[in-house]
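These notes concern the structure reproduced below.
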Amino acid sequence: MYNKGVATVARVWGDKRPRRGKDGSVSWTVILPVKRLWAAKSRLRGAVPGVDHEALVLAMAMDTVSAALASSVVGRVVVVTTDQVVGESALALGADLIQDVPDAGLNPALAYAATLVRPKGATASLPGVAALPADLPALRTEDLTAALRAAEEIAWSTAKAPFGPEPVRAFVPDVAGTGTVLLAAPPGARLEPCFGAGSAAAHITSGAVQLSGAWPGLRRDVDTAADLAEAVVLGVGTRTGAVRVGARSGGAEIFGRGGARDVAGPAEPTAESNGSTLIGPGATGG
């Protein structure tokens, strides 16, 4: 188990950040759960010839983290994991880290992290909490920002000030309409994650409101080679795009259909890559 994460919990516990950001919008703490690299994205393993699976999973996760960190309405990004490489890479980008103590799957990891960033009884005085999967390599910061603003609008339009019901949660379905790529609980609401097969319907049943924005990069999660090809057409982050450097012709063909883009500032070039950031296990490139 990755024990280095224990020390970073203190940076998250009892978060005193204001519930509103500099522009007056709700400030959000975004939680990204990441499995151990060797166990993550099993359907993607071997689907892209010549691409190191763990390097690809790490690259997609860090591109997602970078896009979230760059949002003007996100005050903090927290990665919950037991994987040391993931944890160290996330910390290097400026995210906070929580060890996945339950180590029992996606929903327990999210629920556990949510109790640390917003202890019970303090939900209304702390920032909103949003759950974001770590397989969104085409995520654009502006799409995440727009979706979180929409979640804020839904929350307060359904609550009667000053003593209305608990603000409602909101979610964004994946491109297929059956899964979930964002679950947002505004100040005063609990996260209550219902990720997994049929999570869109499960979130609706639990009382969450579905958001209807286009947000193509946000809605394109990646589980298969076909999903990855679609994400590349949309434009993946620099880390995911850079994995193609080590790919054989089969994998390079998929990555060649689109381009890589920088979601949070230019990457630091290296002599080996001639301007491209080479991503592999243990890399912490920003």
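Residue numbering restarts at 1 in every chain; chains get A, B, ... in the order shown in the structure tokens, and ligands count up from 1 in that same order.
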Determine which residues of region 113-208 of chain A DSSP labels as strand (DSSP E or B) from the backbone of this structure, then write them out as a PyMOL selection string.
chain A and resi 128-131+170-173+180-185
Could those residues be written to a file, using N, CA, C and O atoms, as a PDB file, in the first residue's frame?
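Output file again_8.pdb follows:
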ATOM      1  N   GLY A 128     -17.822  23.464  -2.864  1.00  0.00           N
ATOM      2  CA  GLY A 128     -18.511  22.340  -3.482  1.00  0.00           C
ATOM      3  C   GLY A 128     -17.513  21.223  -3.757  1.00  0.00           C
ATOM      4  O   GLY A 128     -16.313  21.460  -3.869  1.00  0.00           O
ATOM      5  N   VAL A 129     -18.029  20.006  -3.860  1.00  0.00           N
ATOM      6  CA  VAL A 129     -17.179  18.845  -4.148  1.00  0.00           C
ATOM      7  C   VAL A 129     -17.676  18.187  -5.427  1.00  0.00           C
ATOM      8  O   VAL A 129     -18.880  17.961  -5.590  1.00  0.00           O
ATOM      9  N   ALA A 130     -16.738  17.886  -6.322  1.00  0.00           N
ATOM     10  CA  ALA A 130     -17.086  17.238  -7.584  1.00  0.00           C
ATOM     11  C   ALA A 130     -16.213  16.015  -7.786  1.00  0.00           C
ATOM     12  O   ALA A 130     -15.028  16.021  -7.452  1.00  0.00           O
ATOM     13  N   ALA A 131     -16.805  14.953  -8.307  1.00  0.00           N
ATOM     14  CA  ALA A 131     -16.072  13.728  -8.632  1.00  0.00           C
ATOM     15  C   ALA A 131     -15.869  13.666 -10.136  1.00  0.00           C
ATOM     16  O   ALA A 131     -16.808  13.865 -10.915  1.00  0.00           O
ATOM     17  N   ALA A 170     -25.719  17.524  -9.237  1.00  0.00           N
ATOM     18  CA  ALA A 170     -25.882  17.492 -10.679  1.00  0.00           C
ATOM     19  C   ALA A 170     -24.815  16.583 -11.268  1.00  0.00           C
ATOM     20  O   ALA A 170     -23.748  16.390 -10.683  1.00  0.00           O
ATOM     21  N   PHE A 171     -25.112  16.025 -12.436  1.00  0.00           N
ATOM     22  CA  PHE A 171     -24.129  15.156 -13.075  1.00  0.00           C
ATOM     23  C   PHE A 171     -24.144  15.347 -14.583  1.00  0.00           C
ATOM     24  O   PHE A 171     -25.132  15.820 -15.160  1.00  0.00           O
ATOM     25  N   VAL A 172     -23.031  14.980 -15.206  1.00  0.00           N
ATOM     26  CA  VAL A 172     -22.905  15.000 -16.656  1.00  0.00           C
ATOM     27  C   VAL A 172     -22.749  13.564 -17.130  1.00  0.00           C
ATOM     28  O   VAL A 172     -21.847  12.854 -16.666  1.00  0.00           O
ATOM     29  N   PRO A 173     -23.614  13.099 -18.047  1.00  0.00           N
ATOM     30  CA  PRO A 173     -23.476  11.731 -18.549  1.00  0.00           C
ATOM     31  C   PRO A 173     -22.352  11.638 -19.568  1.00  0.00           C
ATOM     32  O   PRO A 173     -21.949  12.638 -20.165  1.00  0.00           O
ATOM     33  N   THR A 180     -21.348   8.176 -16.199  1.00  0.00           N
ATOM     34  CA  THR A 180     -21.220   9.500 -15.590  1.00  0.00           C
ATOM     35  C   THR A 180     -19.776   9.956 -15.668  1.00  0.00           C
ATOM     36  O   THR A 180     -18.868   9.196 -15.328  1.00  0.00           O
ATOM     37  N   VAL A 181     -19.566  11.203 -16.101  1.00  0.00           N
ATOM     38  CA  VAL A 181     -18.210  11.753 -16.184  1.00  0.00           C
ATOM     39  C   VAL A 181     -17.983  12.903 -15.213  1.00  0.00           C
ATOM     40  O   VAL A 181     -16.848  13.352 -15.044  1.00  0.00           O
ATOM     41  N   LEU A 182     -19.039  13.378 -14.584  1.00  0.00           N
ATOM     42  CA  LEU A 182     -18.903  14.422 -13.563  1.00  0.00           C
ATOM     43  C   LEU A 182     -20.095  14.347 -12.628  1.00  0.00           C
ATOM     44  O   LEU A 182     -21.240  14.276 -13.080  1.00  0.00           O
ATOM     45  N   LEU A 183     -19.819  14.342 -11.327  1.00  0.00           N
ATOM     46  CA  LEU A 183     -20.856  14.433 -10.301  1.00  0.00           C
ATOM     47  C   LEU A 183     -20.490  15.597  -9.404  1.00  0.00           C
ATOM     48  O   LEU A 183     -19.398  15.619  -8.835  1.00  0.00           O
ATOM     49  N   ALA A 184     -21.378  16.567  -9.289  1.00  0.00           N
ATOM     50  CA  ALA A 184     -21.080  17.787  -8.541  1.00  0.00           C
ATOM     51  C   ALA A 184     -22.068  17.982  -7.399  1.00  0.00           C
ATOM     52  O   ALA A 184     -23.276  18.027  -7.611  1.00  0.00           O
ATOM     53  N   ALA A 185     -21.523  18.112  -6.188  1.00  0.00           N
ATOM     54  CA  ALA A 185     -22.330  18.370  -4.996  1.00  0.00           C
ATOM     55  C   ALA A 185     -21.989  19.768  -4.497  1.00  0.00           C
ATOM     56  O   ALA A 185     -20.890  19.998  -3.987  1.00  0.00           O
TER      57      ALA A 185
END
Per DSSP on the backbone, what are the alpha helix (DSSP H) residues of region 7-184 of chain A, as a PyMOL selection string?
chain A and resi 7-8+53-69+84-93+106-117+141-157
For Glu153 (chain A), list every protein, DNA or RNA residue within 12 Å, evaluated using only C-alpha atoms, and leave out those in the same chain fewer than 5 positions away; present the list as a list in words.
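Non-adjacent residues within range: Ser25, Val26, Ala146, Ala147, Leu148, Thr158, Ala159, Pro167, Val168, Arg169, Ala170, Ala184, Ala185, Pro186, Val209 and Leu211 of chain A.
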Store the residues picked out above in a file with N, CA and C atoms, as a PDB file, in the first residue's frame.
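Dumped everything to out.pdb:
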ATOM      1  N   SER A  25     -18.145  32.868  -8.196  1.00  0.00           N
ATOM      2  CA  SER A  25     -18.738  31.561  -8.412  1.00  0.00           C
ATOM      3  C   SER A  25     -18.376  30.630  -7.257  1.00  0.00           C
ATOM      4  N   VAL A  26     -19.136  29.552  -7.120  1.00  0.00           N
ATOM      5  CA  VAL A  26     -18.804  28.545  -6.130  1.00  0.00           C
ATOM      6  C   VAL A  26     -17.414  27.991  -6.423  1.00  0.00           C
ATOM      7  N   ALA A 146     -17.516  25.310 -17.419  1.00  0.00           N
ATOM      8  CA  ALA A 146     -18.907  25.550 -17.801  1.00  0.00           C
ATOM      9  C   ALA A 146     -19.843  24.553 -17.125  1.00  0.00           C
ATOM     10  N   ALA A 147     -19.428  23.298 -17.036  1.00  0.00           N
ATOM     11  CA  ALA A 147     -20.271  22.282 -16.404  1.00  0.00           C
ATOM     12  C   ALA A 147     -20.435  22.556 -14.910  1.00  0.00           C
ATOM     13  N   LEU A 148     -19.365  22.963 -14.238  1.00  0.00           N
ATOM     14  CA  LEU A 148     -19.460  23.266 -12.809  1.00  0.00           C
ATOM     15  C   LEU A 148     -20.296  24.515 -12.565  1.00  0.00           C
ATOM     16  N   THR A 158     -33.023  25.414  -7.538  1.00  0.00           N
ATOM     17  CA  THR A 158     -33.956  24.465  -6.927  1.00  0.00           C
ATOM     18  C   THR A 158     -34.060  24.623  -5.414  1.00  0.00           C
ATOM     19  N   ALA A 159     -33.285  25.531  -4.856  1.00  0.00           N
ATOM     20  CA  ALA A 159     -33.335  25.769  -3.402  1.00  0.00           C
ATOM     21  C   ALA A 159     -34.003  27.102  -3.128  1.00  0.00           C
ATOM     22  N   PRO A 167     -29.445  21.733  -1.382  1.00  0.00           N
ATOM     23  CA  PRO A 167     -29.184  21.941  -2.807  1.00  0.00           C
ATOM     24  C   PRO A 167     -28.962  20.613  -3.513  1.00  0.00           C
ATOM     25  N   VAL A 168     -29.430  20.523  -4.738  1.00  0.00           N
ATOM     26  CA  VAL A 168     -29.356  19.248  -5.443  1.00  0.00           C
ATOM     27  C   VAL A 168     -27.991  19.034  -6.085  1.00  0.00           C
ATOM     28  N   ARG A 169     -27.625  17.786  -6.200  1.00  0.00           N
ATOM     29  CA  ARG A 169     -26.442  17.404  -6.947  1.00  0.00           C
ATOM     30  C   ARG A 169     -26.755  17.414  -8.434  1.00  0.00           C
ATOM     31  N   ALA A 170     -25.719  17.524  -9.237  1.00  0.00           N
ATOM     32  CA  ALA A 170     -25.882  17.492 -10.679  1.00  0.00           C
ATOM     33  C   ALA A 170     -24.815  16.583 -11.268  1.00  0.00           C
ATOM     34  N   ALA A 184     -21.378  16.567  -9.289  1.00  0.00           N
ATOM     35  CA  ALA A 184     -21.080  17.787  -8.541  1.00  0.00           C
ATOM     36  C   ALA A 184     -22.068  17.982  -7.399  1.00  0.00           C
ATOM     37  N   ALA A 185     -21.523  18.112  -6.188  1.00  0.00           N
ATOM     38  CA  ALA A 185     -22.330  18.370  -4.996  1.00  0.00           C
ATOM     39  C   ALA A 185     -21.989  19.768  -4.497  1.00  0.00           C
ATOM     40  N   PRO A 186     -22.892  20.730  -4.625  1.00  0.00           N
ATOM     41  CA  PRO A 186     -22.607  22.094  -4.197  1.00  0.00           C
ATOM     42  C   PRO A 186     -22.536  22.191  -2.681  1.00  0.00           C
ATOM     43  N   VAL A 209     -29.543  15.859 -10.742  1.00  0.00           N
ATOM     44  CA  VAL A 209     -30.114  16.421 -11.958  1.00  0.00           C
ATOM     45  C   VAL A 209     -29.101  16.292 -13.095  1.00  0.00           C
ATOM     46  N   LEU A 211     -27.183  17.339 -16.357  1.00  0.00           N
ATOM     47  CA  LEU A 211     -26.836  18.542 -17.094  1.00  0.00           C
ATOM     48  C   LEU A 211     -26.737  18.205 -18.575  1.00  0.00           C
TER      49      LEU A 211
END
Residue with smallest distance to Leu58 (chain A) - pool A:Leu37, A:Ala242, A:Val79, A:Ala92, counting only C-alpha atoms
A:Leu37
Restricting the calculation to only C-alpha atoms, which member of A:Asn107, A:Gln84, A:Thr240, A:Gln210 is positioned closest to Ile154 (chain A)?
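Using only C-alpha atoms, Ile154 (chain A) sits closest to A:Gln210.
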Out of A:Leu56, A:Ala90, A:Leu136, A:Val85, which residue has the shortest atom-to-atom distance to Leu69 (chain A) when counting only C-alpha atoms?
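Among the listed residues, A:Ala90 lies closest to Leu69 (chain A).
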